[in-house]
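File shown: start-v2.cif (mmCIF, C-alpha atoms).
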```
data_data
loop_
_atom_site.label_atom_id
_atom_site.label_comp_id
_atom_site.auth_asym_id
_atom_site.auth_seq_id
_atom_site.Cartn_x
_atom_site.Cartn_y
_atom_site.Cartn_z
CA THR A 14 -32.62 -15.56 -49.17
CA TRP A 15 -32.61 -18.66 -47.00
CA LYS A 16 -30.64 -19.28 -43.78
CA GLY A 17 -29.28 -16.57 -41.53
CA LYS A 18 -30.88 -13.53 -39.92
CA PHE A 19 -31.02 -10.85 -42.56
CA GLN A 20 -33.59 -8.20 -43.37
CA PHE A 21 -36.05 -10.02 -45.57
CA THR A 22 -39.58 -11.31 -45.42
CA GLU A 23 -39.61 -14.62 -43.58
CA PHE A 24 -42.01 -17.36 -44.55
CA GLY A 25 -42.55 -20.85 -43.20
CA LEU A 26 -40.87 -23.66 -45.12
CA LYS A 27 -43.07 -26.69 -45.64
CA GLU A 28 -41.09 -29.37 -47.37
CA SER A 29 -43.56 -30.11 -50.17
CA HIS A 30 -44.47 -26.53 -51.14
CA LEU A 31 -42.97 -24.86 -54.19
CA THR A 32 -40.26 -22.72 -52.62
CA SER A 33 -39.28 -25.30 -49.99
CA TRP A 34 -39.12 -28.07 -52.59
CA ILE A 35 -36.61 -26.07 -54.66
CA LEU A 36 -34.45 -25.42 -51.60
CA THR A 37 -34.50 -28.93 -50.19
CA GLN A 38 -34.22 -30.75 -53.54
CA ASN A 39 -31.75 -28.25 -55.05
CA ARG A 40 -33.57 -28.44 -58.40
CA PRO A 41 -35.22 -25.89 -60.71
CA VAL A 42 -39.01 -26.00 -61.05
CA HIS A 43 -41.08 -24.84 -64.01
CA ILE A 44 -44.90 -25.05 -63.91
CA PHE A 45 -46.73 -23.70 -66.95
CA ASP A 46 -49.97 -23.16 -64.99
CA LEU A 47 -50.31 -23.72 -61.26
CA ARG A 48 -54.02 -24.39 -61.71
CA ASP A 49 -53.05 -27.70 -63.31
CA PHE A 50 -52.78 -28.96 -59.73
CA ARG A 51 -56.60 -28.97 -59.70
CA ASN A 52 -56.68 -31.42 -62.57
CA GLU A 53 -55.80 -34.92 -61.37
CA LYS A 54 -54.27 -35.93 -64.70
CA GLU A 55 -52.12 -32.83 -64.96
CA LYS A 56 -51.21 -33.02 -61.27
CA ALA A 57 -49.99 -36.60 -61.74
CA ARG A 58 -47.86 -35.47 -64.68
CA ILE A 59 -46.31 -32.64 -62.62
CA GLN A 60 -45.59 -34.88 -59.66
CA LEU A 61 -43.99 -37.45 -61.94
CA GLU A 62 -41.44 -34.80 -62.90
CA TYR A 63 -41.26 -33.24 -59.41
CA PRO A 64 -42.01 -36.02 -56.86
CA GLY A 65 -43.77 -34.73 -53.75
CA LEU A 66 -44.30 -31.19 -55.06
CA GLU A 67 -47.56 -29.54 -53.95
CA TRP A 68 -49.31 -26.24 -54.54
CA SER A 69 -51.98 -25.12 -52.11
CA ASP A 70 -54.81 -23.35 -53.92
CA SER A 71 -54.98 -19.70 -52.87
CA PRO A 72 -58.16 -17.80 -53.81
CA GLU A 73 -56.59 -14.58 -52.49
CA PHE A 74 -53.69 -15.03 -54.89
CA GLU A 75 -56.02 -15.43 -57.84
CA GLY A 76 -58.12 -12.48 -56.71
CA GLU A 77 -55.06 -10.24 -56.63
CA LEU A 78 -54.06 -11.46 -60.09
CA ARG A 79 -57.52 -10.68 -61.50
CA LYS A 80 -56.99 -7.10 -60.36
CA LEU A 81 -53.57 -7.11 -61.98
CA PHE A 82 -54.83 -8.66 -65.22
CA GLN A 83 -57.76 -6.41 -65.96
CA ASP A 84 -58.65 -8.60 -68.93
CA GLY A 85 -58.83 -11.72 -66.77
CA GLY A 86 -62.59 -11.63 -66.32
CA ALA A 87 -64.74 -12.77 -69.20
CA ARG A 88 -61.88 -14.12 -71.28
CA GLY A 89 -60.56 -16.12 -68.36
CA MET A 90 -57.33 -15.94 -66.42
CA PRO A 91 -54.00 -16.28 -68.21
CA PRO A 92 -51.74 -19.14 -66.99
CA LEU A 93 -50.50 -18.82 -63.42
CA SER A 94 -47.02 -19.61 -64.61
CA PHE A 95 -44.24 -20.24 -62.08
CA MET A 96 -40.53 -20.93 -62.23
CA GLY A 97 -37.83 -21.02 -59.58
CA VAL A 98 -34.12 -21.83 -59.51
CA PRO A 99 -31.84 -22.47 -56.49
CA VAL A 100 -28.90 -20.16 -55.89
CA THR A 101 -25.99 -22.40 -54.97
CA ALA A 102 -22.32 -22.30 -54.04
CA GLY A 103 -20.97 -25.75 -54.83
CA GLU A 104 -23.25 -28.18 -53.04
CA GLU A 105 -24.59 -25.56 -50.62
CA VAL A 106 -27.99 -24.00 -51.33
CA LEU A 107 -27.92 -20.29 -50.46
CA GLY A 108 -31.44 -19.37 -51.54
CA LEU A 109 -33.44 -19.14 -54.73
CA ILE A 110 -34.78 -16.79 -57.38
CA ARG A 111 -38.37 -17.31 -58.47
CA CYS A 112 -40.89 -15.71 -60.80
CA CYS A 113 -44.66 -15.92 -60.59
CA THR A 114 -46.58 -14.86 -63.74
CA ALA A 115 -45.38 -12.35 -66.29
CA LEU A 116 -46.87 -8.85 -66.48
CA GLU A 117 -47.30 -8.83 -70.25
CA PRO A 118 -48.57 -11.34 -72.81
CA PRO A 119 -48.01 -14.21 -73.24
CA TYR A 120 -47.90 -14.18 -69.39
CA SER A 121 -46.46 -17.71 -69.23
CA PHE A 122 -42.86 -18.90 -68.87
CA ALA A 123 -41.35 -21.38 -71.31
CA GLU A 124 -38.24 -23.53 -70.84
CA GLY A 125 -36.15 -20.81 -72.49
CA GLU A 126 -36.98 -18.38 -69.69
CA LEU A 127 -36.07 -21.03 -67.12
CA ARG A 128 -32.62 -21.45 -68.69
CA LEU A 129 -32.19 -17.68 -68.56
CA LEU A 130 -33.21 -17.63 -64.89
CA GLU A 131 -30.60 -20.32 -64.17
CA ARG A 132 -27.93 -18.06 -65.63
CA VAL A 133 -29.15 -15.19 -63.47
CA ALA A 134 -28.95 -17.46 -60.39
CA ALA A 135 -25.39 -18.43 -61.34
CA GLN A 136 -24.48 -14.72 -61.39
CA LEU A 137 -26.16 -14.12 -58.04
CA SER A 138 -24.22 -16.85 -56.25
CA PRO A 139 -20.73 -15.25 -56.04
CA TYR A 140 -22.15 -11.85 -55.09
CA TRP A 141 -24.27 -13.37 -52.34
CA MET A 142 -21.39 -15.50 -51.03
CA ASN A 143 -19.12 -12.44 -50.92
CA TRP A 144 -21.82 -10.51 -49.06
CA ILE A 145 -22.23 -13.32 -46.51
CA VAL A 146 -18.45 -13.56 -45.94
CA ARG A 147 -18.19 -9.78 -45.53
CA ARG A 148 -21.13 -9.68 -43.14
CA GLN A 149 -19.76 -12.59 -41.09
CA SER A 150 -16.39 -10.84 -40.88
CA GLU A 151 -18.05 -7.62 -39.69
CA GLU A 152 -20.12 -9.58 -37.17
CA GLU A 153 -17.02 -11.34 -35.82
CA ASN A 154 -15.09 -8.06 -35.50
CA GLN A 155 -18.02 -6.49 -33.69
CA SER A 156 -18.24 -9.46 -31.30
CA TRP A 157 -14.54 -9.30 -30.45
CA ARG A 158 -14.67 -5.53 -29.91
CA GLY A 159 -17.66 -5.98 -27.60
CA PHE A 160 -15.92 -8.83 -25.80
CA ILE A 161 -12.78 -6.76 -25.08
CA GLU A 162 -14.82 -3.80 -23.87
CA LEU A 163 -17.07 -5.85 -21.59
CA VAL A 164 -14.25 -7.96 -20.12
CA SER A 165 -12.33 -4.75 -19.37
CA SER A 166 -15.39 -3.50 -17.50
CA MET A 167 -15.63 -6.79 -15.59
CA ASN A 168 -11.95 -6.53 -14.65
CA SER A 169 -12.59 -3.04 -13.24
CA GLY A 170 -15.34 -4.46 -11.04
CA VAL A 171 -13.03 -7.22 -9.83
CA GLN A 172 -10.34 -4.64 -9.07
CA ASN A 173 -12.82 -2.74 -6.89
CA ASP A 174 -13.65 -6.01 -5.12
CA VAL A 175 -9.95 -6.62 -4.43
CA ILE A 176 -9.65 -3.16 -2.90
CA ALA A 177 -12.73 -3.90 -0.77
CA GLY A 178 -11.21 -7.24 0.23
CA VAL A 179 -13.95 -9.63 -1.00
CA LEU A 180 -14.72 -10.94 -4.50
CA ASP A 181 -18.43 -11.09 -5.37
CA GLN A 182 -18.44 -14.40 -7.26
CA ASN A 183 -22.19 -14.32 -7.94
CA ARG A 184 -21.87 -10.96 -9.71
CA ILE A 185 -18.83 -12.14 -11.64
CA HIS A 186 -20.63 -15.28 -12.85
CA ARG A 187 -23.65 -13.29 -13.99
CA GLU A 188 -21.47 -10.75 -15.80
CA ALA A 189 -19.67 -13.56 -17.63
CA LEU A 190 -22.98 -15.00 -18.83
CA GLU A 191 -24.22 -11.55 -19.85
CA ILE A 192 -21.03 -10.99 -21.86
CA SER A 193 -21.52 -14.35 -23.60
CA LYS A 194 -25.11 -13.50 -24.48
CA ALA A 195 -24.12 -10.04 -25.75
CA VAL A 196 -21.27 -11.07 -28.04
CA ILE A 197 -22.14 -14.61 -29.21
CA PRO A 198 -24.90 -14.56 -31.88
CA GLY A 199 -27.67 -17.01 -31.04
CA ALA A 200 -26.69 -17.46 -27.36
CA GLU A 201 -30.12 -18.03 -25.82
CA THR A 202 -29.86 -20.08 -22.63
CA LEU A 203 -26.72 -19.89 -20.49
CA ASP A 204 -25.50 -21.17 -17.15
CA ILE A 205 -22.48 -21.88 -15.00
CA ARG A 206 -22.29 -25.22 -13.21
CA LEU A 207 -19.76 -25.81 -10.44
CA LEU A 208 -18.53 -28.92 -8.67
CA ASN A 209 -19.86 -29.46 -5.17
CA GLU A 210 -17.49 -29.73 -2.18
CA GLN A 211 -17.18 -33.48 -2.65
CA GLY A 212 -16.24 -32.97 -6.31
CA ASP A 213 -18.63 -35.68 -7.49
CA GLN A 214 -21.54 -33.63 -8.84
CA LEU A 215 -22.21 -30.44 -10.81
CA TYR A 216 -24.85 -27.97 -9.65
CA TYR A 217 -26.24 -24.77 -11.20
CA ALA A 218 -24.46 -21.76 -9.69
CA CYS A 219 -25.79 -19.11 -12.09
CA THR A 220 -28.31 -19.05 -14.96
CA LEU A 221 -29.33 -16.54 -17.63
CA GLY A 222 -31.99 -16.45 -20.33
CA GLU A 223 -35.76 -16.14 -20.60
CA ARG A 224 -36.25 -19.88 -20.90
CA TRP A 225 -35.00 -20.40 -17.36
CA GLN A 226 -38.07 -18.43 -16.23
CA SER A 227 -40.57 -20.52 -18.21
CA GLY A 228 -43.05 -22.84 -16.52
CA SER A 229 -44.46 -22.89 -13.00
CA LYS A 230 -42.47 -22.10 -9.86
CA GLN A 231 -42.14 -25.81 -9.17
CA GLU A 232 -40.90 -26.52 -12.71
CA ARG A 233 -38.33 -23.72 -12.51
CA GLN A 234 -37.05 -24.99 -9.17
CA ALA A 235 -36.92 -28.58 -10.46
CA ARG A 236 -34.65 -27.44 -13.28
CA LEU A 237 -32.34 -25.64 -10.88
CA ASP A 238 -32.21 -28.66 -8.56
CA LEU A 239 -30.94 -30.97 -11.29
CA GLY A 240 -27.64 -32.55 -10.35
CA PHE A 241 -25.10 -33.98 -12.77
CA PRO A 242 -22.95 -36.77 -11.29
CA VAL A 243 -19.32 -36.83 -12.38
CA GLY A 244 -18.12 -40.39 -12.76
CA HIS A 245 -16.53 -42.87 -15.16
CA PRO A 246 -17.84 -43.16 -17.79
CA PRO A 247 -19.38 -39.65 -17.88
CA ASN A 248 -23.15 -39.66 -18.35
CA SER A 249 -23.58 -35.99 -19.28
CA ILE A 250 -21.82 -33.44 -21.46
CA GLY A 251 -20.82 -31.40 -18.41
CA ALA A 252 -19.28 -34.45 -16.75
CA GLU A 253 -17.39 -35.25 -19.96
CA VAL A 254 -15.90 -31.73 -20.02
CA ILE A 255 -14.95 -31.96 -16.33
CA LEU A 256 -13.12 -35.25 -16.87
CA SER A 257 -11.46 -34.33 -20.19
CA GLY A 258 -10.77 -30.67 -19.43
CA LYS A 259 -11.58 -29.89 -23.08
CA PRO A 260 -14.45 -27.84 -24.62
CA PHE A 261 -17.42 -29.68 -26.10
CA VAL A 262 -19.34 -28.39 -29.12
CA MET A 263 -22.73 -29.80 -30.16
CA GLU A 264 -23.78 -28.48 -33.58
CA GLU A 265 -26.88 -30.60 -34.14
CA PRO A 266 -29.54 -32.03 -31.78
CA GLN A 267 -28.21 -35.23 -30.18
CA PRO A 268 -30.05 -38.03 -28.34
CA ALA A 269 -27.12 -38.16 -25.90
CA TYR A 270 -27.90 -34.67 -24.65
CA HIS A 271 -29.33 -34.74 -21.11
CA GLY A 272 -30.28 -31.31 -19.85
CA PRO A 273 -33.20 -29.15 -18.84
CA PHE A 274 -34.04 -28.03 -22.41
CA ALA A 275 -34.63 -31.03 -24.65
CA ASP A 276 -35.04 -28.91 -27.80
CA THR A 277 -31.45 -27.65 -27.64
CA ARG A 278 -30.07 -27.62 -31.18
CA ALA A 279 -26.54 -26.37 -30.54
CA MET A 280 -24.40 -26.09 -27.44
CA ILE A 281 -20.95 -24.97 -26.32
CA VAL A 282 -19.58 -26.23 -22.99
CA VAL A 283 -16.20 -24.96 -21.79
CA PRO A 284 -14.26 -25.90 -18.63
CA LEU A 285 -13.59 -23.47 -15.81
CA ARG A 286 -10.07 -24.23 -14.61
CA SER A 287 -8.55 -23.11 -11.32
CA ARG A 288 -4.79 -23.70 -11.35
CA ASP A 289 -4.36 -27.35 -12.32
CA HIS A 290 -7.91 -28.68 -11.95
CA VAL A 291 -11.36 -28.09 -13.45
CA ILE A 292 -13.88 -26.59 -11.01
CA GLY A 293 -16.92 -26.33 -13.26
CA VAL A 294 -18.28 -25.61 -16.74
CA MET A 295 -20.02 -22.82 -18.60
CA ASP A 296 -22.86 -23.83 -20.94
CA ILE A 297 -24.15 -21.78 -23.87
CA ARG A 298 -27.22 -23.22 -25.61
CA THR A 299 -29.62 -22.32 -28.39
CA SER A 300 -32.83 -23.82 -29.72
CA LEU A 301 -32.58 -21.67 -32.86
CA GLU A 302 -31.72 -23.18 -36.25
CA ARG A 303 -28.71 -20.92 -36.66
CA LYS A 304 -25.47 -22.58 -35.53
CA PHE A 305 -22.94 -20.81 -33.36
CA PRO A 306 -20.12 -19.19 -35.39
CA LYS A 307 -16.68 -20.76 -35.05
CA TYR A 308 -15.24 -17.81 -33.15
CA ALA A 309 -17.89 -18.29 -30.43
CA ILE A 310 -15.88 -21.25 -29.11
CA SER A 311 -12.78 -19.07 -28.67
CA ILE A 312 -14.78 -16.39 -26.86
CA ALA A 313 -16.35 -18.97 -24.53
CA GLU A 314 -12.95 -20.55 -23.80
CA LEU A 315 -11.41 -17.16 -22.95
CA LEU A 316 -14.29 -16.36 -20.61
CA GLY A 317 -13.86 -19.76 -18.98
CA GLN A 318 -10.16 -19.04 -18.45
CA GLN A 319 -11.00 -15.60 -17.06
CA LEU A 320 -13.41 -17.10 -14.53
CA GLY A 321 -10.68 -19.54 -13.51
CA VAL A 322 -8.28 -16.63 -12.93
CA TYR A 323 -10.89 -14.89 -10.76
CA GLN A 324 -11.34 -18.10 -8.76
CA ASP A 325 -7.57 -18.31 -8.22
CA LEU A 326 -7.62 -14.69 -7.07
CA ALA A 327 -10.49 -15.41 -4.67
CA ASN A 328 -8.58 -18.38 -3.25
CA SER A 329 -5.45 -16.27 -2.81
CA MET A 330 -7.42 -13.55 -1.06
CA ARG A 331 -9.03 -16.12 1.25
CA ASN A 332 -5.65 -17.70 2.01
CA LEU A 333 -4.20 -14.27 2.71
CA ARG A 334 -7.04 -13.45 5.13
CA GLU A 335 -6.51 -16.78 6.87
CA ALA A 336 -2.75 -16.14 7.05
CA GLN A 337 -3.39 -12.66 8.44
CA GLN A 338 -5.75 -14.13 11.03
CA ASP A 339 -3.16 -16.77 11.96
CA LEU A 340 -0.53 -14.04 12.26
CA LYS A 341 -2.80 -11.99 14.54
CA THR A 342 -3.41 -15.07 16.71
CA LEU A 343 0.34 -15.76 16.84
CA LEU A 344 1.15 -12.17 17.79
CA ARG A 345 -1.55 -12.22 20.47
CA THR A 346 -0.11 -15.46 21.87
CA GLN A 347 3.41 -14.06 21.83
CA THR A 348 2.25 -10.90 23.60
CA ASP A 349 0.54 -12.96 26.31
CA THR A 350 3.68 -15.10 26.68
CA TYR A 351 5.93 -12.06 27.06
CA GLU A 352 3.58 -10.57 29.64
CA ASP A 353 3.65 -13.83 31.62
CA LEU A 354 7.45 -13.86 31.48
CA GLY A 355 7.55 -10.26 32.64
CA HIS A 356 5.38 -11.12 35.65
CA GLN A 357 7.55 -14.10 36.46
#
```

Target encoding C-alpha cells, full file:
Amino acid sequence: TWKGKFQFTEFGLKESHLTSWILTQNRPVHIFDLRDFRNEKEKARIQLEYPGLEWSDSPEFEGELRKLFQDGGARGMPPLSFMGVPVTAGEEVLGLIRCCTALEPPYSFAEGELRLLERVAAQLSPYWMNWIVRRQSEEENQSWRGFIELVSSMNSGVQNDVIAGVLDQNRIHREALEISKAVIPGAETLDIRLLNEQGDQLYYACTLGERWQSGSKQERQARLDLGFPVGHPPNSIGAEVILSGKPFVMEEPQPAYHGPFADTRAMIVVPLRSRDHVIGVMDIRTSLERKFPKYAISIAELLGQQLGVYQDLANSMRNLREAQQDLKTLLRTQTDTYEDLGHQ
C-alpha cells in the first residue's frame, strides 16, 4: 500500500526506482531480467520503453536468491524477472502489486502473466477503496467521540473556575490545543495567537508540540517573539483570518506562508471570536505528507467558538467583579454620607 498510516512495511520512494516509477507514472512494468540493467545495450532498450526507470544492483538480493534457487550455482542464476502493476481507483493511484521472480521453472514472467496481474490489481481496487472508506469513517467517529469527551472535561474545569471566581485562560488555551492534537490526525505543531491591546498585532499566547522545543534557547525564544502585524492588505495567514473572520485551510506547501516552521505542508487556521469581533486565531500545522481530514476543519472551528465563549464568560466575570466593586464603593460612600447627615 501507498499513502496513509497503515500497518505495513514502509520503504523510501525514490522517483526513478522500480516501485516508485510504477506509482508516479501509473504504468505497469515488466522486466524479463533485472540484470539486463548491467548491459548498456539492454539498459537502453528498457529505458526506451520505461523512460527514467532505474534498478540499483543489490548483491544481497542476488545472494538470497542463490540460497532460494539451489541450482543457481554452476548452471547460473535464472532470470531475475520482475513485474508490477498499479492499483488504481479512477485516476488515483492507491498502491501496487508486484512480483519478483517465480519459485518454479521457468522462473521468468512473460507478458501473459503481466496481463493476469493487471486483472488481479483491478479486483484489488474496489476492496481496498472500501477498506479505506470504512477505516476513515471509523477514524472520524473516534475523533468526534474523543472531542465530545474532552470538551466536556474542559467545561467541567471551567465550571470549577467560575465557582472559584477566576477563569484560568492559560490552562484553557493549553487544553484546547491538547484536544486538537488528540483528535485531529496529523496535528503536529499547534498554537494560539491573540491580538495585543492595540489590536494591530498577533502574538503567541500558547504553543504545543515537540517542534516548538527544537533548537537553542535563543532560537526558541526568537520563534515565540515573532509578531504578526494586522493591516490592509494582510501579510500573513493569521492576519487574513483576523480580517476576514473565516477559517483558512492550506493543503499544500505555499510560498506565501510566513511562519516559524518553513516546512509546513498543511495548516488549519480558525478565528477565535468574542461576541462580534475576532480576538485571535488557533493554528494547527503539520510537516507530514498526510493531509488533514475534512472533518478536522469542523473540529477546529468548534474549538475556536468554544474559546470565544470562554472569553465572553471571562469578560462577564470581570465586568461583574468591577460592578460589585463599584457597588461596594457606592455603598461605602452612602454610609459615610448618612453618618455625616446624622452628625449634622

Next item on the list: Tell me, as a PyMOL selection string, which residues lie within 7 Å of A:Leu316, counting only C-alpha atoms; anything in the same chain fewer than 4 positions away does not count.
Entry: chain A and resi 189+312+320

Next item on the list: Compile the contact shell of A:Ala102 as a VMD selection string: residues with an atom at most 12 Å away, counting only C-alpha atoms, same-chain residues fewer than 5 positions apart removed.
Entry: chain A and resid 39 107 to 109 134 to 143 145

Which residues of stretch 176-270 of chain A come within 10 Å of stretch 279-303 of chain A, and what is each one's closest atom pair and distance in Å (one decimal), counting all atoms listed in the file, sorted by chain and residue number, as JSON lines?
```
{"residue": "A:His186", "atom": "CA", "partner": "A:Met295", "partner_atom": "CA", "distance": 9.5}
{"residue": "A:Ala189", "atom": "CA", "partner": "A:Met295", "partner_atom": "CA", "distance": 9.3}
{"residue": "A:Leu190", "atom": "CA", "partner": "A:Met295", "partner_atom": "CA", "distance": 8.4}
{"residue": "A:Ser193", "atom": "CA", "partner": "A:Ile297", "partner_atom": "CA", "distance": 7.9}
{"residue": "A:Lys194", "atom": "CA", "partner": "A:Ile297", "partner_atom": "CA", "distance": 8.4}
{"residue": "A:Ile197", "atom": "CA", "partner": "A:Ile297", "partner_atom": "CA", "distance": 9.2}
{"residue": "A:Pro198", "atom": "CA", "partner": "A:Arg303", "partner_atom": "CA", "distance": 8.8}
{"residue": "A:Gly199", "atom": "CA", "partner": "A:Thr299", "partner_atom": "CA", "distance": 6.2}
{"residue": "A:Ala200", "atom": "CA", "partner": "A:Thr299", "partner_atom": "CA", "distance": 5.8}
{"residue": "A:Glu201", "atom": "CA", "partner": "A:Thr299", "partner_atom": "CA", "distance": 5.0}
{"residue": "A:Thr202", "atom": "CA", "partner": "A:Arg298", "partner_atom": "CA", "distance": 5.1}
{"residue": "A:Leu203", "atom": "CA", "partner": "A:Ile297", "partner_atom": "CA", "distance": 4.6}
{"residue": "A:Asp204", "atom": "CA", "partner": "A:Asp296", "partner_atom": "CA", "distance": 5.3}
{"residue": "A:Ile205", "atom": "CA", "partner": "A:Met295", "partner_atom": "CA", "distance": 4.5}
{"residue": "A:Arg206", "atom": "CA", "partner": "A:Val294", "partner_atom": "CA", "distance": 5.4}
{"residue": "A:Leu207", "atom": "CA", "partner": "A:Gly293", "partner_atom": "CA", "distance": 4.0}
{"residue": "A:Leu208", "atom": "CA", "partner": "A:Gly293", "partner_atom": "CA", "distance": 5.5}
{"residue": "A:Asn209", "atom": "CA", "partner": "A:Ile292", "partner_atom": "CA", "distance": 8.8}
{"residue": "A:Gly212", "atom": "CA", "partner": "A:Ile292", "partner_atom": "CA", "distance": 8.3}
{"residue": "A:Gln214", "atom": "CA", "partner": "A:Gly293", "partner_atom": "CA", "distance": 9.7}
{"residue": "A:Leu215", "atom": "CA", "partner": "A:Gly293", "partner_atom": "CA", "distance": 7.1}
{"residue": "A:Tyr216", "atom": "CA", "partner": "A:Gly293", "partner_atom": "CA", "distance": 8.9}
{"residue": "A:Tyr217", "atom": "CA", "partner": "A:Gly293", "partner_atom": "CA", "distance": 9.7}
{"residue": "A:Ala218", "atom": "CA", "partner": "A:Gly293", "partner_atom": "CA", "distance": 9.5}
{"residue": "A:Cys219", "atom": "CA", "partner": "A:Met295", "partner_atom": "CA", "distance": 9.5}
{"residue": "A:Thr220", "atom": "CA", "partner": "A:Asp296", "partner_atom": "CA", "distance": 9.4}
{"residue": "A:Leu221", "atom": "CA", "partner": "A:Ile297", "partner_atom": "CA", "distance": 9.7}
{"residue": "A:Gly222", "atom": "CA", "partner": "A:Arg298", "partner_atom": "CA", "distance": 9.8}
{"residue": "A:Ile250", "atom": "CA", "partner": "A:Val282", "partner_atom": "CA", "distance": 7.7}
{"residue": "A:Gly251", "atom": "CA", "partner": "A:Val294", "partner_atom": "CA", "distance": 6.5}
{"residue": "A:Ala252", "atom": "CA", "partner": "A:Val294", "partner_atom": "CA", "distance": 8.9}
{"residue": "A:Glu253", "atom": "CA", "partner": "A:Val282", "partner_atom": "CA", "distance": 9.8}
{"residue": "A:Val254", "atom": "CA", "partner": "A:Pro284", "partner_atom": "CA", "distance": 6.2}
{"residue": "A:Ile255", "atom": "CA", "partner": "A:Val291", "partner_atom": "CA", "distance": 6.0}
{"residue": "A:Leu256", "atom": "CA", "partner": "A:Val291", "partner_atom": "CA", "distance": 8.1}
{"residue": "A:Ser257", "atom": "CA", "partner": "A:Pro284", "partner_atom": "CA", "distance": 9.0}
{"residue": "A:Gly258", "atom": "CA", "partner": "A:Pro284", "partner_atom": "CA", "distance": 6.0}
{"residue": "A:Lys259", "atom": "CA", "partner": "A:Pro284", "partner_atom": "CA", "distance": 6.6}
{"residue": "A:Pro260", "atom": "CA", "partner": "A:Val283", "partner_atom": "CA", "distance": 4.4}
{"residue": "A:Phe261", "atom": "CA", "partner": "A:Val282", "partner_atom": "CA", "distance": 5.1}
{"residue": "A:Val262", "atom": "CA", "partner": "A:Ile281", "partner_atom": "CA", "distance": 4.7}
{"residue": "A:Met263", "atom": "CA", "partner": "A:Met280", "partner_atom": "CA", "distance": 4.9}
{"residue": "A:Glu264", "atom": "CA", "partner": "A:Ala279", "partner_atom": "CA", "distance": 4.6}
{"residue": "A:Glu265", "atom": "CA", "partner": "A:Ala279", "partner_atom": "CA", "distance": 5.6}
{"residue": "A:Pro266", "atom": "CA", "partner": "A:Ala279", "partner_atom": "CA", "distance": 6.5}
{"residue": "A:Gln267", "atom": "CA", "partner": "A:Ala279", "partner_atom": "CA", "distance": 9.0}
{"residue": "A:Tyr270", "atom": "CA", "partner": "A:Met280", "partner_atom": "CA", "distance": 9.7}
```

On this structure, which residues satisfy the PyMOL selection byres ((chain A and resi 63) around 12), written as a compact mmCIF listing (two decimals) with C-alpha atoms, in the coordinates of the input?
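Result file result.txt:
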```
# COMPACT_ATOMS: atom_id res chain seq x y z
CA SER A 29 -43.56 -30.11 -50.17
CA HIS A 30 -44.47 -26.53 -51.14
CA LEU A 31 -42.97 -24.86 -54.19
CA TRP A 34 -39.12 -28.07 -52.59
CA ILE A 35 -36.61 -26.07 -54.66
CA GLN A 38 -34.22 -30.75 -53.54
CA ASN A 39 -31.75 -28.25 -55.05
CA ARG A 40 -33.57 -28.44 -58.40
CA PRO A 41 -35.22 -25.89 -60.71
CA VAL A 42 -39.01 -26.00 -61.05
CA HIS A 43 -41.08 -24.84 -64.01
CA ILE A 44 -44.90 -25.05 -63.91
CA LYS A 56 -51.21 -33.02 -61.27
CA ALA A 57 -49.99 -36.60 -61.74
CA ARG A 58 -47.86 -35.47 -64.68
CA ILE A 59 -46.31 -32.64 -62.62
CA GLN A 60 -45.59 -34.88 -59.66
CA LEU A 61 -43.99 -37.45 -61.94
CA GLU A 62 -41.44 -34.80 -62.90
CA PRO A 64 -42.01 -36.02 -56.86
CA GLY A 65 -43.77 -34.73 -53.75
CA LEU A 66 -44.30 -31.19 -55.06
CA GLU A 67 -47.56 -29.54 -53.95
CA TRP A 68 -49.31 -26.24 -54.54
```

Check: Could you tell me, as a PyMOL selection string, which residues have any atom at most 12 Å from (-15.2, -9.5, -24.9), counting only C-alpha atoms?
Finding: chain A and resi 153-168+188-197+308-309+311-317+319

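Atom to atom, atom CA of A:Val98 and atom CA of A:Tyr120 stand 18.6 Å apart.
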
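Our summary of the geometry notes that atom CA of A:Leu180 is positioned 16.8 Å from atom CA of A:Gln318.
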